[in-house]
Amino acid sequence: MCVLLIEAFYGGSHKQLMDLLQEELQEDCVLCTLPAKKWHWRARTAALYFMQTVPISPNYRFMPEHKLAHFKKVIGAKRSGDAYQTVVLPGQQKCRALMKTSNAASKSGLCEAQPRLHTTQHEGLPSPLIAVARLNESEASESTNPCQEEDKQHLTFNLSNILSGQDYQQRPLHIVWPHRWEHDKGPETFFEVLLKLKEKDLPFHVSVLGEAFSEIPDIFSEAKKALGSSVLHWGFLPRKDDYFQALCMADVVISTAKHEFFGVAMVEAVYCGCYPLCPKALVYPEIFPAEYLYSTPEQLFKRLQNFCKRPDIVRKHLYKGETAGFSWAALGSKFRSLLTAEPREDL
C-alpha cells in the first residue's frame with residue numbers, strides 16, 4: 001500500500017502539512033506538488049496537470065466505486081475523459097488524493113512511482129490542456145517581488161533589539177499580520193482599520209509578515225508609506241526562528257481573511273502568546289472562543305482602539321481556548337492511522 005499525496009500549492013502551511021505527512025509516512029508515500037504561486041489557477045487547473053504527471057503505481061489505494069463516482073462529479077470529469085470542467089475546490093487539494101489507474105493513464109507516459117518521489121514537472125504538457133500551461137507562467141520571478149526587495153534590511157534585524165530600549169509594559173501595542181500578501185487574505189480591510197487608528201493618533205506598532213509573490217496588491221506599498229513610523233517590520237521572514245521570534249514579540253494577531261480552511265498562522269501566533277482577533281466566519285468559530293471573533297471591520301477597529309489605549313489588557317490576558325490539540329504531537333499518529341487504515345466503504 002502506498003499513499004499518494006497531492007499538493008497543488010506547495011508553500012506555507014500547505015507545505016508544512018505535506019512535509020510532516022511525508023516524514024510520518026516515510027517510504028509509504030509519494031508526494032506530487034506544484035509551486036505555491038497563482039492560487040486561483042492552481043485551484044482551477046491543477047487537477048488536469050496532475051492527471052498527466054502523477055506517477056503510475058499499482059500500490060495506490062483505490063476509492064470505493066461509489067466514492068469515485070462522487071469524486072468525478074465534484075471535479076466535473078467525465079468517465080470517458082473527453083471533457084473536463086475545471087472546478088476543483090481548493091480545500092480538496094489538502095486532502096488525501098486516491099486515484100484509480102485507468103487504461104488512459106497507462107498510455108500517458110508517466111514515470112514509475114518511487115517511494116517519497118517529489119514530482120514537480122512543469123514542462124512538456126500536452127497541447128490540448130492549454131489552461132494547465134498557465135500554471136507555469138512567470139515561475140522565474142517567483143522568488144522575488146518589488147515590494148519586499150526594497151525591504152531586505154528588515155529581513156535580518158532583531159525585533160528584541162529594536163524594542164530593548166523600552167519597558168515592556170510601556171511599549172505601544174504590537175499588531176502582527178502573518179498572512180500571504182494576496183487579496184483573499186483581506187489586506188485592504190486590515191490596513192483600512194490600521195489607518196483609522198493612525199488618524200486618531202493611537203499608539204501602535206505593526207509587523208506585516210507573510211510571503212509575497214510576483215503580483216502584490218497595491219495596498220501594501222500604499223499602506224507602508226501611510227503607516228510610516230508605526231511599521232516595525234515589513235516583509236517575509238524565511239527563517240522559522242525569526243518568524244516565531246516576531247510572533248513572540250507581538251501582542252495581537254489579526255486575520256481579515258475572506259476564505260480560510262484552517263488558519264495555521266493564527267494558531268501559531270496564539271501559541272506564541274498573541275491575542276487573536278478573527279472574523280466570525282469561515283473556520284474561525286470552530287477554533288477560537290467567541291470573545292476572539294469580530295463581525296465587522298468596525299468591531300475590529302473598536303477592539304484595537306481599546307487595546308491601543310490599554311495594551312496591558314492583552315499582555316496580561318491568558319488565552320481561553322485550546323492549542324495543544326493542533327500540535328503535530330497530537331495529530332501525527334491520527335493522520336497516519338487514517339492514511340494507512342484498510343479501505344472501508346465509509347472512508
# chains A, B, ... in the order shown; residues from 1 in each chain; ligands from 1
>>> residues_around(residues="Ser207 in chain A", least_positions_apart="2", cutoff="12 Å", atoms="only C-alpha atoms", output="ChimeraX atom specification")
/A:154-155,159,173-179,191,194,204-205,209-210,224,227,229-237,243,245-254
>>> write_last_selection(atoms="C-alpha atoms", output="compact mmCIF listing (two decimals), in the first residue's frame")
# COMPACT_ATOMS: atom_id res chain seq x y z
CA HIS A 154 14.20 44.24 7.52
CA LEU A 155 14.72 40.53 6.91
CA LEU A 159 12.98 42.69 16.91
CA LEU A 173 0.55 47.79 21.18
CA HIS A 174 2.31 45.49 18.70
CA ILE A 175 -0.03 44.15 15.99
CA VAL A 176 1.07 41.35 13.67
CA TRP A 177 -0.48 40.23 10.35
CA PRO A 178 1.21 36.94 9.27
CA HIS A 179 -0.57 36.06 6.03
CA PHE A 191 -4.91 48.37 6.52
CA LEU A 194 -4.90 50.48 10.95
CA PHE A 204 0.77 51.05 17.94
CA HIS A 205 3.43 49.13 16.06
CA LEU A 209 4.79 39.19 7.77
CA GLY A 210 3.78 36.51 5.29
CA LYS A 224 3.56 51.12 4.26
CA LEU A 227 1.78 53.99 8.34
CA SER A 229 6.98 55.07 11.83
CA SER A 230 4.32 52.66 13.08
CA VAL A 231 5.87 49.93 10.92
CA LEU A 232 8.17 47.71 12.97
CA HIS A 233 8.76 45.00 10.38
CA TRP A 234 7.68 44.67 6.75
CA GLY A 235 8.29 41.51 4.78
CA PHE A 236 8.67 37.77 4.71
CA LEU A 237 10.92 36.10 7.27
CA TYR A 243 9.33 34.27 12.30
CA GLN A 245 10.53 35.46 17.44
CA ALA A 246 8.44 38.11 15.68
CA LEU A 247 5.25 36.38 16.82
CA CYS A 248 6.52 36.14 20.39
CA MET A 249 7.25 39.88 20.43
CA ALA A 250 3.74 40.78 19.21
CA ASP A 251 0.65 41.40 21.33
CA VAL A 252 -2.27 40.92 18.92
CA VAL A 253 -2.57 38.80 15.77
CA ILE A 254 -5.20 39.77 13.20
>>> residues_around(residues="range 314-320 of chain A", least_positions_apart="6", cutoff="9 Å", atoms="only C-alpha atoms", output="ChimeraX atom specification")
/A:169,173,251-252,270,273-276,288-289,307
>>> closest_residue(among="A:Cys308, A:Ala8, A:Arg239, A:Leu300", to="Arg42 in chain A", atoms="only C-alpha atoms")
A:Ala8
>>> atom_distance(atom1="CA of Gln170 in chain A", atom2="CA of Arg303 in chain A")
19.1 Å
>>> closest_residue(among="A:Leu195, A:Met266, A:Cys272, A:Leu48", to="Glu222 in chain A", atoms="only C-alpha atoms")
A:Leu195
>>> residues_around(residues="range 278-287 of chain A", least_positions_apart="5", cutoff="9 Å", atoms="only C-alpha atoms", output="count of residues only")
23
>>> atom_distance(atom1="CA of Ile56 in chain A", atom2="CA of Leu31 in chain A")
12.5 Å
>>> closest_residue(among="A:Pro172, A:Asp19, A:Arg44, A:Ser57", to="Asp312 in chain A", atoms="only C-alpha atoms")
A:Pro172
>>> closest_residue(among="A:Ala226, A:Leu304, A:Gln16, A:Glu23", to="Glu199 in chain A", atoms="only C-alpha atoms")
A:Ala226
>>> atom_distance(atom1="CA of Cys32 in chain A", atom2="CA of Thr45 in chain A")
14.8 Å
>>> select_by_dssp(residues="range 176-338 of chain A", states="strand (DSSP E)", output="ChimeraX atom specification")
/A:176-177,204-208,231-234,252-254,275-279,293-294
>>> residues_around(residues="Leu17 in chain A", least_positions_apart="6", cutoff="12 Å", atoms="only C-alpha atoms", output="list in words")
Leu5, Ile6, Glu7, Phe9, Tyr10, Gly11, Glu23, Glu24, Leu31, Gln93, Lys94, Cys95, Arg96, Phe262, Val264, Phe326, Ser327, Trp328, Leu331, Gly332 and Phe335 of chain A
